[in-house]
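Undergrad: Pasting a structure here, questions to come.
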Amino acid sequence: MKTANRRRFLGLAAAAGAGAVLPLGGRPASASSLPDPTVWREFGSPLVPATGHGPLSGVNVAVKDRFAVQGHRVGAGNPVWLAESRPQATTAAAVAALLAAGADVVGLARTDEFAYSLASTNGHYGTPPNPAAPDRISGGSTSGPASAVALGQADIGLGTDTGGSIRIPSSYQGLYGIRPSHGAIDTTGLLPLAPSFDTVGWIARDADTLRAVGRVLLPRATAPAPSAAVLSQEIVDVADTEVSASVRRALAGWRGAADLPHLGTVRFDAGVLPGWVRAFQTKQGVEAWQHLGPWVSRHWDSLNPDVRSRFETASRYTPADLAGAERVLREARTRVDDLLGDRILLLPSASSVAPTRKEAAIGGPAIEQTRAQTFQLTCLAGLSGRCAVSVPVRSRTAPVGLCLVGPQGSDRHVLDLAARVSAAL
């Protein structure tokens, strides 16, 4: 691609100003018309054209800045990492598959630093906008791709979900998003955070687009269609009042919809969830330090306070800590599998609506409390390896997501169901 077709945004925040929007296919003519640098690190028309023709021809993709794209650097949400990076020799497997199916990569979109956050409050580049709730944060760490989709600057946001980084921005912005079954999609060319939990996922404005991408990226279903759906009142009650009320209203509509599976209830002791979260975060931290610790230990001062704190904690985990965490995670997986079998679990995608920008100080107590509470919901899919699809549901103030957690290998079935849920609710 010609250099004239590329637009690099590192350091352009002051010139461009937050909120600037470039229509797809357009070309920046001046600093004032540049795309929002809180959303994009690089943008083109397109940045990388499709390599083939197929079901995604004419579709534009925003790629999270953790994926390798040939000829471009990986920034990972940190300017020092970006400065030390070299252009990639190859393109990540998931990105290559989208290009081969006819999609154009319109740009590389921002991520929370090393994807080790769920808030989208990156102190280096700013917080991407949330068009559905402009006074609130966008949700991380697939924050840039999510905002690009919500703004209409991309049709698909290709991202990752380790602890909730697809589901949370989808919930906060009224979008559709999927965390696939663990291992369903090749992660070659993805900068790792915690490979035991890392997944390649995506975000769209509608269920049909979400499903169309699944037909390209997902293997054929290896599990039968789920037999039924269930909810646990105890899990729904982990969310705050506004979110739990919105989810309950949606589930009342589910029960009245002829095209949706039977909805039953299960009892669950939600008191175990904080311990499961600690085990999840311990193993995540051990792996994050294994993969990124050597670099981080030389660049502590380059990190935002919240991410630095997590790496500091990760650096102190011992082999005994990991062994204890793995024991808890094995027990948790068994308990989830015994509880659900081949049924879909319905629960809130996040514990609250998006916090306000004022509340979301980097590392502040409000955002950390929200993160801890939301992790109790998102960890259920992560620790069990199950797929999870977030579908927007009606709420009284800001967007809310309903999450469909399905058995491993049932991803295509759950995407089909999400489309029916979207039509019914």
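Ligands are numbered from 1 in the order shown, residues from 1 within each chain, and chains are lettered A, B, ... in the order they appear in the structure tokens.
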Select from segment 265-378 of chain A everything DSSP, run on the backbone, classes as strand (DSSP E), then give the selection as a ChimeraX atom specification.
TA: /A:265,344-348
Undergrad: Give me the residues near segment 231-248 of chain A as a list in words, where near means some atom within 7 Å (using only C-alpha atoms) and where sequence neighbours in that chain fewer than 5 positions away do not count.
TA: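 Selected residues are Gly264, Thr265, Val266, Arg267, Phe268, Asp269, Ala270, Leu345, Leu346, Leu347, Pro348, Ser351, Ser352, Val353, Arg394, Ser395, Val400 and Leu402 of chain A.
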Undergrad: Take the residues just selected and output them with N, CA and C atoms as a PDB file, in the first residue's frame.
TA:
```pdb
ATOM      1  N   GLY A 264     -35.446 -22.531  31.663  1.00  0.00           N
ATOM      2  CA  GLY A 264     -35.628 -23.026  33.019  1.00  0.00           C
ATOM      3  C   GLY A 264     -34.737 -22.276  33.989  1.00  0.00           C
ATOM      4  N   THR A 265     -34.721 -22.716  35.229  1.00  0.00           N
ATOM      5  CA  THR A 265     -33.898 -22.084  36.253  1.00  0.00           C
ATOM      6  C   THR A 265     -33.025 -23.130  36.933  1.00  0.00           C
ATOM      7  N   VAL A 266     -31.880 -22.673  37.439  1.00  0.00           N
ATOM      8  CA  VAL A 266     -30.978 -23.515  38.221  1.00  0.00           C
ATOM      9  C   VAL A 266     -30.555 -22.730  39.458  1.00  0.00           C
ATOM     10  N   ARG A 267     -30.264 -23.453  40.529  1.00  0.00           N
ATOM     11  CA  ARG A 267     -29.754 -22.826  41.745  1.00  0.00           C
ATOM     12  C   ARG A 267     -28.232 -22.838  41.715  1.00  0.00           C
ATOM     13  N   PHE A 268     -27.644 -21.745  42.176  1.00  0.00           N
ATOM     14  CA  PHE A 268     -26.182 -21.635  42.153  1.00  0.00           C
ATOM     15  C   PHE A 268     -25.735 -20.795  43.335  1.00  0.00           C
ATOM     16  N   ASP A 269     -24.709 -21.245  44.019  1.00  0.00           N
ATOM     17  CA  ASP A 269     -24.160 -20.500  45.146  1.00  0.00           C
ATOM     18  C   ASP A 269     -23.175 -19.460  44.620  1.00  0.00           C
ATOM     19  N   ALA A 270     -23.646 -18.233  44.444  1.00  0.00           N
ATOM     20  CA  ALA A 270     -22.792 -17.175  43.905  1.00  0.00           C
ATOM     21  C   ALA A 270     -21.673 -16.798  44.854  1.00  0.00           C
ATOM     22  N   LEU A 345     -26.475 -20.959  29.412  1.00  0.00           N
ATOM     23  CA  LEU A 345     -26.690 -20.143  30.601  1.00  0.00           C
ATOM     24  C   LEU A 345     -26.914 -18.702  30.172  1.00  0.00           C
ATOM     25  N   LEU A 346     -27.972 -18.083  30.684  1.00  0.00           N
ATOM     26  CA  LEU A 346     -28.268 -16.676  30.411  1.00  0.00           C
ATOM     27  C   LEU A 346     -27.906 -15.843  31.633  1.00  0.00           C
ATOM     28  N   LEU A 347     -27.177 -14.773  31.415  1.00  0.00           N
ATOM     29  CA  LEU A 347     -26.734 -13.919  32.509  1.00  0.00           C
ATOM     30  C   LEU A 347     -26.386 -12.541  31.972  1.00  0.00           C
ATOM     31  N   PRO A 348     -26.217 -11.537  32.825  1.00  0.00           N
ATOM     32  CA  PRO A 348     -25.797 -10.214  32.330  1.00  0.00           C
ATOM     33  C   PRO A 348     -24.385 -10.277  31.757  1.00  0.00           C
ATOM     34  N   SER A 351     -21.731  -6.270  34.948  1.00  0.00           N
ATOM     35  CA  SER A 351     -22.461  -6.094  36.205  1.00  0.00           C
ATOM     36  C   SER A 351     -23.164  -4.755  36.317  1.00  0.00           C
ATOM     37  N   SER A 352     -22.835  -3.822  35.440  1.00  0.00           N
ATOM     38  CA  SER A 352     -23.430  -2.494  35.500  1.00  0.00           C
ATOM     39  C   SER A 352     -23.481  -1.907  34.104  1.00  0.00           C
ATOM     40  N   VAL A 353     -24.201  -0.820  33.944  1.00  0.00           N
ATOM     41  CA  VAL A 353     -24.041  -0.037  32.728  1.00  0.00           C
ATOM     42  C   VAL A 353     -22.655   0.593  32.776  1.00  0.00           C
ATOM     43  N   ARG A 394     -33.140  -4.002  25.994  1.00  0.00           N
ATOM     44  CA  ARG A 394     -33.647  -2.685  26.364  1.00  0.00           C
ATOM     45  C   ARG A 394     -33.330  -2.372  27.820  1.00  0.00           C
ATOM     46  N   SER A 395     -33.036  -1.115  28.070  1.00  0.00           N
ATOM     47  CA  SER A 395     -32.788  -0.649  29.430  1.00  0.00           C
ATOM     48  C   SER A 395     -33.336   0.762  29.560  1.00  0.00           C
ATOM     49  N   VAL A 400     -27.367  -2.254  27.985  1.00  0.00           N
ATOM     50  CA  VAL A 400     -27.166  -3.444  28.801  1.00  0.00           C
ATOM     51  C   VAL A 400     -27.055  -4.638  27.857  1.00  0.00           C
ATOM     52  N   LEU A 402     -27.265  -8.941  27.360  1.00  0.00           N
ATOM     53  CA  LEU A 402     -27.652 -10.270  27.809  1.00  0.00           C
ATOM     54  C   LEU A 402     -26.663 -11.249  27.203  1.00  0.00           C
TER      55      LEU A 402
END
```
Undergrad: Mind pulling up the distance from atom CA of Arg335 of chain A to atom CA of Arg255 of chain A?
TA: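 That distance, rounded to one decimal, is 26.3 Å.
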Undergrad: Which residue out of A:His291, A:Cys379, A:Thr111, A:Thr90 has the minimum interatomic distance to Leu273 of chain A when only C-alpha atoms are used?
TA: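 Once distances to Leu273 of chain A are computed over only C-alpha atoms, the minimum belongs to A:Cys379.
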Undergrad: Kindly indicate which residue among A:Thr370, A:Gln408, A:Ser315, A:Ser390 lies nearest to Ala207 of chain A, using only C-alpha atoms for the distances.
TA: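 Going through A:Thr370, A:Gln408, A:Ser315, A:Ser390 one by one, the smallest distance to Ala207 of chain A is for A:Ser390.
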Undergrad: By how many Å are atom CA of Asp65 of chain A and atom CA of Ser45 of chain A apart?
TA: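 Separation of atom CA of Asp65 of chain A and atom CA of Ser45 of chain A: 17.7 Å.
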Undergrad: With distances taken over only C-alpha atoms, which of A:Pro129, A:Pro145, A:Gly189, A:Gly152 is nearest to Gln70 of chain A?
TA: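 That would be A:Gly189, the residue with the smallest distance to Gln70 of chain A.
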